[in-house]
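Each remark here refers to the structure printed beneath this line.
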Amino acid sequence: MCGIVGAVAQRDVADILVEGLKRLEYRGYDSAGVAVINKKNELLSTKRLGKVQELDQALTEAPLAGGTGIAHTRWATHGAPSEVNAHPHISSNTIAVVHNGIIENHQALRSQLQGLGYEFLSQTDTEVITHLVHHELKTSDSLLSAVQKTVKQLEGAYGTVVMDSRDQDNLIVARSGSPLVIGYGLGENFIASDIMALLPVTRKFSYLEEGDVAQISRFDVNIFDIDGKPVIREAKEVSVSHDSGDKGEYRHYMLKETYEQPTAIRNSLEGRLVAGKLDINTFGDGADEIFKNVEHVQIIACGTSYHSGMVARYWLEELAGVSCNIEIASEFRYRKSFVPKNSLLVTISQSGETADTLAALRLAKEIGYQSSLVICNVPGSSLVRESDLAFMTKAGAEIGVASTKAFTTQLVGLLMMTMAIGKHHGMSADKQAEITQSLMSLPAKLDEVLALASSIEDLAEDFADKNHALFLGRGDQYPIAMEGALKLKEISYIHAEAYAAGELKHGPLALIDAEMPVIVVAPKNDLIEKLKSNVEEVRARGGLMYVFADSDANFSSDDTCKVINVPVCDGIIAPIVYTLPLQLLSYYVAIIKGTDVDQPRNLAKSVTVE
Ligand code: AGP
């Protein structure tokens, strides 16, 4: 979490830094700050509580001039969101630091530095880096060497940028556990947490590796590995669109991204299902060889990505005949687990930087998983670089904190993975053709679902004064109910839970009354009659229901039940189709409640701390 931008240039950089922060705001938006070195070697800094917009306003009123600078948008970990806890943190008016991550031994370092006479102004863990660099500089011949000595004393995770007001020519950056990317310009160079921040100024990037420390000046970039040896991290041009961060005609990114799903899925399918056949190379070199030996799949993910993995388990076991487990990354990484023979470790992550998922992948390699595959939306991200195989979803940049198009394109990737593995487990050519057909029909089907938006907007009125909601589904619609509940709670702040409908009678039925709306996802499938019995259990207890169902499922509206007709679709893709109405429902409820849809409170898009 937290977004970092830095620049060394001849021109004034404050505007570049603030534009970069706006593009990184998905990483956190509790406070923002910038510091530059002016021509007189003075450190000038402005910080504001709240979003980058507040900082932008402050800088419009009182601009900062300087060609070397650093900036930060914060997602609070240590110390409440406040101006004093905002980055950059400054030591002795000379050393300024921005940091992403958590310094786990900050208490011990704080006491040590206090003993040396350093006064702490904030409650953050970051401030220890600032004073430690200042302290180490007293016995070092350069800022680079002071930072190298400093990072050796840090435990935890950091992506950090350090500057010294007495040295206008250099920024020192260090990475361990939190991503940093160097952007190469003409006579100017940059650093950021993510390439998105720097797209207005460059398309040429190199990624720092774990343990790297680098010195960035206007004309040079010198990178040193964990042992202090000079290394080259190859710079590559990227072809990401400059404007992928624009909202266009839409009121919110989340709505734009919801409507982009047919296109995102078309893009994710394109070139991968050639003449009705899946191109296995889409997963990377040697994919077929790896899939051939797979006898078990272990999926690891967090949040929405975890829900897509849950759907994949149904697909893998039913369609491919391969056993599959799924676990939340933060649990998997801290327990001893059994590694079944010939297991494929599959991680799922929109960002490719989620700290728990990355740690789980690293652990999996240590404990004996032979091969790994990531389903990811961000090329070059840590999970992509550290996995053997990768399926890149082509959702395009997802800015809204609430994941929409990333989720449905993950499902598309997972269904293709099911085909790729199923091929080696007796999945028939007919079944492959049926899945292919189903996938090809998806974009048009989603266009039909999006046409339901205005009736779902009307429905949202019923939820605006509610404090709780229950989502029900069965089979592969159970994870979709979970995803619907997550969306509602995340952006409307209404408490929502999801249950496999058969579980109702084991406890949650006690919650049912007129104040607890019950949302049911009910396509016609093998479980529909079972689900209908569960619906009757709710009805008998005076519950109010909202049933998303196709005409074949045969539900009818009455006083206690509103039926929202979803277009009939093939059963295989039904989890994807039924996701969209729930995304729209939570969006319109949030609009009525007046919450911050794209940047809901307390959250961030990319969770790079554990
Ligand atoms: C859901 O809307 C959230 N954005 C969140 O649950 C997210 O899916 C989770 O943090 C995992 O992120 P990742 O896909 O980038 O790993």
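In the structure tokens, chains take the letters A, B, ... in the order shown, each chain's residues start at 1, and ligands count up from 1 in the order shown.
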
- Query: as a ChimeraX atom specification, which residues of segment 276-399 of chain A does DSSP assign to alpha helix (DSSP H)?
  - Reply: /A:287-292,303-315,329-332,355-367,382-386

Which polymer residues have any atom within 12 Å of an atom of Met427 of chain A, counting only C-alpha atoms, with same-chain residues fewer than 3 positions away left out, as a tab-separated table (two decimals) with N, CA, C and O atoms, in the first residue's frame?
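Below is the file out.tsv, written as the result:
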```
chain	number	residue	atom	x	y	z
A	315	TRP	N	-15.03	-25.87	-11.12
A	315	TRP	CA	-14.72	-26.19	-12.52
A	315	TRP	C	-13.67	-27.30	-12.62
A	315	TRP	O	-13.83	-28.24	-13.40
A	316	LEU	N	-12.59	-27.15	-11.85
A	316	LEU	CA	-11.49	-28.12	-11.97
A	316	LEU	C	-11.94	-29.52	-11.60
A	316	LEU	O	-11.59	-30.50	-12.26
A	317	GLU	N	-12.72	-29.62	-10.52
A	317	GLU	CA	-13.11	-30.97	-10.07
A	317	GLU	C	-14.20	-31.55	-10.97
A	317	GLU	O	-14.18	-32.72	-11.29
A	318	GLU	N	-15.14	-30.68	-11.41
A	318	GLU	CA	-16.25	-31.20	-12.21
A	318	GLU	C	-15.89	-31.37	-13.68
A	318	GLU	O	-16.18	-32.40	-14.29
A	319	LEU	N	-15.22	-30.37	-14.25
A	319	LEU	CA	-14.97	-30.42	-15.69
A	319	LEU	C	-13.64	-31.10	-16.05
A	319	LEU	O	-13.54	-31.77	-17.07
A	320	ALA	N	-12.62	-30.89	-15.18
A	320	ALA	CA	-11.30	-31.44	-15.53
A	320	ALA	C	-11.01	-32.73	-14.76
A	320	ALA	O	-10.07	-33.44	-15.08
A	321	GLY	N	-11.78	-32.99	-13.70
A	321	GLY	CA	-11.56	-34.20	-12.93
A	321	GLY	C	-10.24	-34.18	-12.16
A	321	GLY	O	-9.60	-35.21	-11.96
A	322	VAL	N	-9.84	-32.98	-11.73
A	322	VAL	CA	-8.58	-32.83	-10.97
A	322	VAL	C	-8.92	-32.28	-9.59
A	322	VAL	O	-9.71	-31.35	-9.47
A	418	THR	N	-8.70	-24.58	-16.71
A	418	THR	CA	-9.43	-25.85	-16.50
A	418	THR	C	-9.39	-26.68	-17.78
A	418	THR	O	-9.17	-27.90	-17.75
A	419	MET	N	-9.56	-26.01	-18.92
A	419	MET	CA	-9.50	-26.73	-20.20
A	419	MET	C	-8.09	-27.29	-20.44
A	419	MET	O	-7.93	-28.44	-20.87
A	420	ALA	N	-7.08	-26.44	-20.14
A	420	ALA	CA	-5.70	-26.83	-20.41
A	420	ALA	C	-5.30	-28.04	-19.57
A	420	ALA	O	-4.61	-28.95	-20.06
A	421	ILE	N	-5.73	-28.06	-18.32
A	421	ILE	CA	-5.40	-29.20	-17.45
A	421	ILE	C	-6.30	-30.38	-17.78
A	421	ILE	O	-5.86	-31.53	-17.84
A	422	GLY	N	-7.58	-30.07	-18.04
A	422	GLY	CA	-8.57	-31.13	-18.33
A	422	GLY	C	-8.18	-31.96	-19.53
A	422	GLY	O	-8.42	-33.18	-19.57
A	423	LYS	N	-7.54	-31.33	-20.50
A	423	LYS	CA	-7.10	-32.03	-21.72
A	423	LYS	C	-6.28	-33.27	-21.37
A	423	LYS	O	-6.35	-34.30	-22.05
A	424	HIS	N	-5.50	-33.17	-20.29
A	424	HIS	CA	-4.64	-34.30	-19.89
A	424	HIS	C	-5.34	-35.26	-18.93
A	424	HIS	O	-4.74	-36.19	-18.43
A	430	ASP	N	-15.44	-32.75	-27.25
A	430	ASP	CA	-16.77	-32.12	-27.25
A	430	ASP	C	-16.92	-31.16	-26.09
A	430	ASP	O	-17.47	-30.07	-26.22
A	431	LYS	N	-16.42	-31.59	-24.91
A	431	LYS	CA	-16.52	-30.73	-23.73
A	431	LYS	C	-15.68	-29.46	-23.94
A	431	LYS	O	-16.10	-28.35	-23.63
A	432	GLN	N	-14.49	-29.64	-24.53
A	432	GLN	CA	-13.63	-28.49	-24.82
A	432	GLN	C	-14.36	-27.52	-25.76
A	432	GLN	O	-14.34	-26.31	-25.56
A	433	ALA	N	-15.00	-28.10	-26.76
A	433	ALA	CA	-15.71	-27.26	-27.74
A	433	ALA	C	-16.88	-26.55	-27.06
A	433	ALA	O	-17.16	-25.38	-27.33
A	434	GLU	N	-17.55	-27.25	-26.15
A	434	GLU	CA	-18.70	-26.65	-25.45
A	434	GLU	C	-18.23	-25.46	-24.58
A	434	GLU	O	-18.86	-24.40	-24.57
A	435	ILE	N	-17.11	-25.65	-23.86
A	435	ILE	CA	-16.60	-24.56	-23.01
A	435	ILE	C	-16.18	-23.38	-23.89
A	435	ILE	O	-16.47	-22.22	-23.59
```

Protein and nucleic residues near ligand 1, 6 Å, only C-alpha atoms and all ligand atoms, as a PDB file with all heavy atoms, in the first residue's frame:
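So result23.pdb came out as:
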```pdb
ATOM      1  N   CYS A 302      -6.449 -13.730  -2.225  1.00  0.00           N
ATOM      2  CA  CYS A 302      -7.097 -12.927  -1.181  1.00  0.00           C
ATOM      3  C   CYS A 302      -8.321 -12.217  -1.782  1.00  0.00           C
ATOM      4  O   CYS A 302      -8.339 -11.905  -2.973  1.00  0.00           O
ATOM      5  CB  CYS A 302      -6.179 -11.813  -0.688  1.00  0.00           C
ATOM      6  SG  CYS A 302      -4.589 -12.370  -0.101  1.00  0.00           S
ATOM      7  N   GLY A 303      -9.285 -11.942  -0.930  1.00  0.00           N
ATOM      8  CA  GLY A 303     -10.426 -11.086  -1.292  1.00  0.00           C
ATOM      9  C   GLY A 303     -11.191 -11.590  -2.497  1.00  0.00           C
ATOM     10  O   GLY A 303     -11.522 -12.773  -2.626  1.00  0.00           O
ATOM     11  N   THR A 304     -11.458 -10.672  -3.413  1.00  0.00           N
ATOM     12  CA  THR A 304     -12.198 -11.012  -4.627  1.00  0.00           C
ATOM     13  C   THR A 304     -11.490 -12.107  -5.424  1.00  0.00           C
ATOM     14  O   THR A 304     -12.135 -13.008  -5.977  1.00  0.00           O
ATOM     15  CB  THR A 304     -12.363  -9.733  -5.480  1.00  0.00           C
ATOM     16  OG1 THR A 304     -13.316  -8.902  -4.825  1.00  0.00           O
ATOM     17  CG2 THR A 304     -12.823 -10.017  -6.876  1.00  0.00           C
ATOM     18  N   SER A 305     -10.176 -12.038  -5.476  1.00  0.00           N
ATOM     19  CA  SER A 305      -9.422 -13.051  -6.227  1.00  0.00           C
ATOM     20  C   SER A 305      -9.620 -14.431  -5.611  1.00  0.00           C
ATOM     21  O   SER A 305      -9.644 -15.447  -6.316  1.00  0.00           O
ATOM     22  CB  SER A 305      -7.935 -12.696  -6.256  1.00  0.00           C
ATOM     23  OG  SER A 305      -7.759 -11.466  -6.899  1.00  0.00           O
ATOM     24  N   SER A 349      -4.268 -12.898  -8.610  1.00  0.00           N
ATOM     25  CA  SER A 349      -4.114 -11.542  -8.067  1.00  0.00           C
ATOM     26  C   SER A 349      -4.254 -10.520  -9.180  1.00  0.00           C
ATOM     27  O   SER A 349      -3.541 -10.591 -10.182  1.00  0.00           O
ATOM     28  CB  SER A 349      -2.733 -11.410  -7.414  1.00  0.00           C
ATOM     29  OG  SER A 349      -2.507 -10.090  -7.005  1.00  0.00           O
ATOM     30  N   GLN A 350      -5.151  -9.580  -9.004  1.00  0.00           N
ATOM     31  CA  GLN A 350      -5.277  -8.493  -9.969  1.00  0.00           C
ATOM     32  C   GLN A 350      -3.964  -7.737 -10.064  1.00  0.00           C
ATOM     33  O   GLN A 350      -3.422  -7.534 -11.139  1.00  0.00           O
ATOM     34  CB  GLN A 350      -6.410  -7.557  -9.543  1.00  0.00           C
ATOM     35  CG  GLN A 350      -6.767  -6.434 -10.513  1.00  0.00           C
ATOM     36  CD  GLN A 350      -5.815  -5.253 -10.525  1.00  0.00           C
ATOM     37  OE1 GLN A 350      -5.419  -4.800 -11.607  1.00  0.00           O
ATOM     38  NE2 GLN A 350      -5.399  -4.769  -9.389  1.00  0.00           N
ATOM     39  N   SER A 351      -3.456  -7.313  -8.911  1.00  0.00           N
ATOM     40  CA  SER A 351      -2.295  -6.413  -8.878  1.00  0.00           C
ATOM     41  C   SER A 351      -0.974  -7.139  -9.093  1.00  0.00           C
ATOM     42  O   SER A 351      -0.002  -6.551  -9.566  1.00  0.00           O
ATOM     43  CB  SER A 351      -2.241  -5.714  -7.527  1.00  0.00           C
ATOM     44  OG  SER A 351      -2.072  -6.678  -6.486  1.00  0.00           O
ATOM     45  N   GLY A 352      -0.924  -8.402  -8.667  1.00  0.00           N
ATOM     46  CA  GLY A 352       0.342  -9.131  -8.721  1.00  0.00           C
ATOM     47  C   GLY A 352       1.316  -8.713  -7.642  1.00  0.00           C
ATOM     48  O   GLY A 352       2.478  -9.132  -7.644  1.00  0.00           O
ATOM     49  N   THR A 354       0.116  -8.360  -4.124  1.00  0.00           N
ATOM     50  CA  THR A 354      -0.470  -8.561  -2.802  1.00  0.00           C
ATOM     51  C   THR A 354       0.515  -9.322  -1.909  1.00  0.00           C
ATOM     52  O   THR A 354       0.932 -10.445  -2.235  1.00  0.00           O
ATOM     53  CB  THR A 354      -1.810  -9.316  -2.948  1.00  0.00           C
ATOM     54  OG1 THR A 354      -2.645  -8.505  -3.772  1.00  0.00           O
ATOM     55  CG2 THR A 354      -2.477  -9.546  -1.615  1.00  0.00           C
ATOM     56  N   VAL A 401     -11.334   0.707  -6.283  1.00  0.00           N
ATOM     57  CA  VAL A 401     -10.862  -0.252  -5.274  1.00  0.00           C
ATOM     58  C   VAL A 401     -11.686  -1.543  -5.342  1.00  0.00           C
ATOM     59  O   VAL A 401     -11.155  -2.638  -5.176  1.00  0.00           O
ATOM     60  CB  VAL A 401     -10.909   0.394  -3.865  1.00  0.00           C
ATOM     61  CG1 VAL A 401     -10.780  -0.657  -2.779  1.00  0.00           C
ATOM     62  CG2 VAL A 401      -9.790   1.420  -3.734  1.00  0.00           C
ATOM     63  N   ALA A 402     -12.967  -1.399  -5.594  1.00  0.00           N
ATOM     64  CA  ALA A 402     -13.824  -2.587  -5.713  1.00  0.00           C
ATOM     65  C   ALA A 402     -13.538  -3.269  -7.046  1.00  0.00           C
ATOM     66  O   ALA A 402     -13.731  -2.693  -8.120  1.00  0.00           O
ATOM     67  CB  ALA A 402     -15.282  -2.192  -5.635  1.00  0.00           C
ATOM     68  N   SER A 403     -13.083  -4.488  -6.967  1.00  0.00           N
ATOM     69  CA  SER A 403     -12.685  -5.208  -8.176  1.00  0.00           C
ATOM     70  C   SER A 403     -13.908  -5.672  -8.962  1.00  0.00           C
ATOM     71  O   SER A 403     -14.827  -6.260  -8.400  1.00  0.00           O
ATOM     72  CB  SER A 403     -11.850  -6.413  -7.743  1.00  0.00           C
ATOM     73  OG  SER A 403     -11.136  -6.896  -8.832  1.00  0.00           O
ATOM     74  N   LYS A 605      -6.315  -0.218  -2.998  1.00  0.00           N
ATOM     75  CA  LYS A 605      -6.439  -1.166  -4.106  1.00  0.00           C
ATOM     76  C   LYS A 605      -5.378  -2.267  -4.037  1.00  0.00           C
ATOM     77  O   LYS A 605      -5.671  -3.426  -4.287  1.00  0.00           O
ATOM     78  CB  LYS A 605      -6.291  -0.391  -5.416  1.00  0.00           C
ATOM     79  CG  LYS A 605      -6.434  -1.238  -6.651  1.00  0.00           C
ATOM     80  CD  LYS A 605      -7.874  -1.438  -6.975  1.00  0.00           C
ATOM     81  CE  LYS A 605      -8.075  -2.331  -8.178  1.00  0.00           C
ATOM     82  NZ  LYS A 605      -9.387  -2.981  -8.091  1.00  0.00           N
ATOM     83  N   SER A 606      -4.164  -1.857  -3.746  1.00  0.00           N
ATOM     84  CA  SER A 606      -3.082  -2.826  -3.798  1.00  0.00           C
ATOM     85  C   SER A 606      -2.556  -3.025  -2.378  1.00  0.00           C
ATOM     86  O   SER A 606      -2.055  -2.090  -1.765  1.00  0.00           O
ATOM     87  CB  SER A 606      -1.989  -2.267  -4.713  1.00  0.00           C
ATOM     88  OG  SER A 606      -0.961  -3.188  -4.857  1.00  0.00           O
ATOM     89  N   VAL A 607      -2.686  -4.254  -1.877  1.00  0.00           N
ATOM     90  CA  VAL A 607      -2.397  -4.478  -0.453  1.00  0.00           C
ATOM     91  C   VAL A 607      -0.994  -5.069  -0.314  1.00  0.00           C
ATOM     92  O   VAL A 607      -0.822  -6.281  -0.236  1.00  0.00           O
ATOM     93  CB  VAL A 607      -3.477  -5.388   0.171  1.00  0.00           C
ATOM     94  CG1 VAL A 607      -3.260  -5.505   1.669  1.00  0.00           C
ATOM     95  CG2 VAL A 607      -4.861  -4.813  -0.104  1.00  0.00           C
TER      96      VAL A 607
END
```

- For segment 22-29 of chain A, work out the shell of residues within 6 Å, counting only C-alpha atoms and skipping chain neighbours fewer than 5 positions away, then give it as a PyMOL selection string. chain A and resi 1-3+51+73-75+197+604-606

Just-selected residues, all heavy atoms written as a PDB file, in the first residue's frame:
```pdb
ATOM      1  N   MET A   1       0.855  -1.162   0.000  1.00  0.00           N
ATOM      2  CA  MET A   1       0.000   0.000   0.000  1.00  0.00           C
ATOM      3  C   MET A   1       0.900   1.223   0.000  1.00  0.00           C
ATOM      4  O   MET A   1       2.076   1.086   0.099  1.00  0.00           O
ATOM      5  CB  MET A   1      -0.893   0.056   1.241  1.00  0.00           C
ATOM      6  CG  MET A   1      -1.044  -1.225   1.956  1.00  0.00           C
ATOM      7  SD  MET A   1      -2.375  -2.146   1.339  1.00  0.00           S
ATOM      8  CE  MET A   1      -3.726  -1.536   2.245  1.00  0.00           C
ATOM      9  N   CYS A   2       0.347   2.384  -0.048  1.00  0.00           N
ATOM     10  CA  CYS A   2       1.065   3.647  -0.144  1.00  0.00           C
ATOM     11  C   CYS A   2       1.678   3.749  -1.550  1.00  0.00           C
ATOM     12  O   CYS A   2       2.136   2.756  -2.101  1.00  0.00           O
ATOM     13  CB  CYS A   2       2.184   3.819   0.868  1.00  0.00           C
ATOM     14  SG  CYS A   2       1.640   3.693   2.569  1.00  0.00           S
ATOM     15  N   GLY A   3       1.639   4.950  -2.083  1.00  0.00           N
ATOM     16  CA  GLY A   3       2.214   5.187  -3.396  1.00  0.00           C
ATOM     17  C   GLY A   3       3.394   6.129  -3.274  1.00  0.00           C
ATOM     18  O   GLY A   3       3.360   7.090  -2.504  1.00  0.00           O
ATOM     19  N   LYS A  51      -7.078  13.297   0.588  1.00  0.00           N
ATOM     20  CA  LYS A  51      -6.680  12.837  -0.745  1.00  0.00           C
ATOM     21  C   LYS A  51      -5.661  13.759  -1.416  1.00  0.00           C
ATOM     22  O   LYS A  51      -5.450  14.883  -0.985  1.00  0.00           O
ATOM     23  CB  LYS A  51      -7.929  12.728  -1.595  1.00  0.00           C
ATOM     24  CG  LYS A  51      -8.868  11.707  -1.015  1.00  0.00           C
ATOM     25  CD  LYS A  51      -9.912  11.329  -1.991  1.00  0.00           C
ATOM     26  CE  LYS A  51     -10.719  10.211  -1.368  1.00  0.00           C
ATOM     27  NZ  LYS A  51     -11.843   9.837  -2.161  1.00  0.00           N
ATOM     28  N   THR A  73       1.570   9.010  -1.243  1.00  0.00           N
ATOM     29  CA  THR A  73       0.177   8.973  -0.812  1.00  0.00           C
ATOM     30  C   THR A  73       0.049   7.781   0.124  1.00  0.00           C
ATOM     31  O   THR A  73       0.539   6.690  -0.168  1.00  0.00           O
ATOM     32  CB  THR A  73      -0.819   8.949  -2.001  1.00  0.00           C
ATOM     33  OG1 THR A  73      -2.147   8.882  -1.485  1.00  0.00           O
ATOM     34  CG2 THR A  73      -0.597   7.792  -2.953  1.00  0.00           C
ATOM     35  N   ARG A  74      -0.593   8.009   1.288  1.00  0.00           N
ATOM     36  CA  ARG A  74      -0.444   7.045   2.393  1.00  0.00           C
ATOM     37  C   ARG A  74      -1.697   6.212   2.656  1.00  0.00           C
ATOM     38  O   ARG A  74      -2.816   6.717   2.540  1.00  0.00           O
ATOM     39  CB  ARG A  74      -0.100   7.847   3.671  1.00  0.00           C
ATOM     40  CG  ARG A  74       0.069   7.013   4.924  1.00  0.00           C
ATOM     41  CD  ARG A  74       0.647   7.837   6.058  1.00  0.00           C
ATOM     42  NE  ARG A  74       0.935   6.998   7.212  1.00  0.00           N
ATOM     43  CZ  ARG A  74       0.291   7.068   8.375  1.00  0.00           C
ATOM     44  NH1 ARG A  74      -0.661   7.957   8.565  1.00  0.00           N
ATOM     45  NH2 ARG A  74       0.607   6.244   9.361  1.00  0.00           N
ATOM     46  N   TRP A  75      -1.481   4.968   3.007  1.00  0.00           N
ATOM     47  CA  TRP A  75      -2.502   4.099   3.609  1.00  0.00           C
ATOM     48  C   TRP A  75      -1.948   3.765   4.984  1.00  0.00           C
ATOM     49  O   TRP A  75      -0.938   3.077   5.112  1.00  0.00           O
ATOM     50  CB  TRP A  75      -2.706   2.836   2.778  1.00  0.00           C
ATOM     51  CG  TRP A  75      -3.821   1.976   3.295  1.00  0.00           C
ATOM     52  CD1 TRP A  75      -5.156   2.136   3.055  1.00  0.00           C
ATOM     53  CD2 TRP A  75      -3.696   0.819   4.131  1.00  0.00           C
ATOM     54  NE1 TRP A  75      -5.869   1.162   3.693  1.00  0.00           N
ATOM     55  CE2 TRP A  75      -5.000   0.331   4.366  1.00  0.00           C
ATOM     56  CE3 TRP A  75      -2.626   0.149   4.715  1.00  0.00           C
ATOM     57  CZ2 TRP A  75      -5.267  -0.792   5.143  1.00  0.00           C
ATOM     58  CZ3 TRP A  75      -2.886  -0.970   5.494  1.00  0.00           C
ATOM     59  CH2 TRP A  75      -4.197  -1.428   5.696  1.00  0.00           C
ATOM     60  N   ALA A 197       2.170   5.573 -12.519  1.00  0.00           N
ATOM     61  CA  ALA A 197       2.467   6.914 -12.013  1.00  0.00           C
ATOM     62  C   ALA A 197       3.310   7.707 -13.002  1.00  0.00           C
ATOM     63  O   ALA A 197       3.240   8.933 -13.043  1.00  0.00           O
ATOM     64  CB  ALA A 197       3.208   6.807 -10.687  1.00  0.00           C
ATOM     65  N   ALA A 604      -7.493   0.105   0.353  1.00  0.00           N
ATOM     66  CA  ALA A 604      -6.602   0.509  -0.737  1.00  0.00           C
ATOM     67  C   ALA A 604      -6.659  -0.579  -1.793  1.00  0.00           C
ATOM     68  O   ALA A 604      -7.028  -1.714  -1.503  1.00  0.00           O
ATOM     69  CB  ALA A 604      -5.177   0.667  -0.245  1.00  0.00           C
ATOM     70  N   LYS A 605      -6.315  -0.218  -2.998  1.00  0.00           N
ATOM     71  CA  LYS A 605      -6.439  -1.166  -4.106  1.00  0.00           C
ATOM     72  C   LYS A 605      -5.378  -2.267  -4.037  1.00  0.00           C
ATOM     73  O   LYS A 605      -5.671  -3.426  -4.287  1.00  0.00           O
ATOM     74  CB  LYS A 605      -6.291  -0.391  -5.416  1.00  0.00           C
ATOM     75  CG  LYS A 605      -6.434  -1.238  -6.651  1.00  0.00           C
ATOM     76  CD  LYS A 605      -7.874  -1.438  -6.975  1.00  0.00           C
ATOM     77  CE  LYS A 605      -8.075  -2.331  -8.178  1.00  0.00           C
ATOM     78  NZ  LYS A 605      -9.387  -2.981  -8.091  1.00  0.00           N
ATOM     79  N   SER A 606      -4.164  -1.857  -3.746  1.00  0.00           N
ATOM     80  CA  SER A 606      -3.082  -2.826  -3.798  1.00  0.00           C
ATOM     81  C   SER A 606      -2.556  -3.025  -2.378  1.00  0.00           C
ATOM     82  O   SER A 606      -2.055  -2.090  -1.765  1.00  0.00           O
ATOM     83  CB  SER A 606      -1.989  -2.267  -4.713  1.00  0.00           C
ATOM     84  OG  SER A 606      -0.961  -3.188  -4.857  1.00  0.00           O
TER      85      SER A 606
END
```

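In terms of minimum interatomic distance to Ser330 of chain A, A:Val609 ranks closest within A:Val609, A:Val34, A:Leu383, A:Val518, counting only C-alpha atoms.
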
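Here the question is which of A:Pro262, A:Leu144, A:Gln298, A:Phe407 gets nearest to Asn222 of chain A using only C-alpha atoms, and that residue is A:Leu144.
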
- Item | Sel. of strand (DSSP E or B) residues, segment 268-340 of chain A, as an MDAnalysis selection string | chainID A and resid 273:274 277:278 296:301 323:328

Requested write-out: C-alpha atoms of the selected residues, as a compact mmCIF listing (two decimals), in the first residue's frame:
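Output saved as out19.txt:
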```
# COMPACT_ATOMS: atom_id res chain seq x y z
CA LEU A 273 -9.05 -19.66 -28.60
CA VAL A 274 -7.77 -20.11 -32.13
CA LYS A 277 -8.90 -24.58 -29.81
CA LEU A 278 -7.11 -23.25 -26.75
CA HIS A 296 -3.65 -31.64 -7.90
CA VAL A 297 -4.18 -27.88 -7.91
CA GLN A 298 -3.69 -25.65 -4.86
CA ILE A 299 -5.14 -22.16 -5.32
CA ILE A 300 -4.06 -19.23 -3.14
CA ALA A 301 -5.49 -15.72 -3.23
CA SER A 323 -8.61 -32.38 -7.21
CA CYS A 324 -8.30 -28.81 -6.01
CA ASN A 325 -7.89 -26.98 -2.72
CA ILE A 326 -8.21 -23.27 -2.20
CA GLU A 327 -6.96 -21.21 0.69
CA ILE A 328 -6.69 -17.58 1.73
```

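You will find atom CA of Thr263 of chain A at 17.2 Å from atom CA of Val378 of chain A.
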
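In this structure, atom CA of Ala65 of chain A sits 21.1 Å away from atom CA of Glu83 of chain A.
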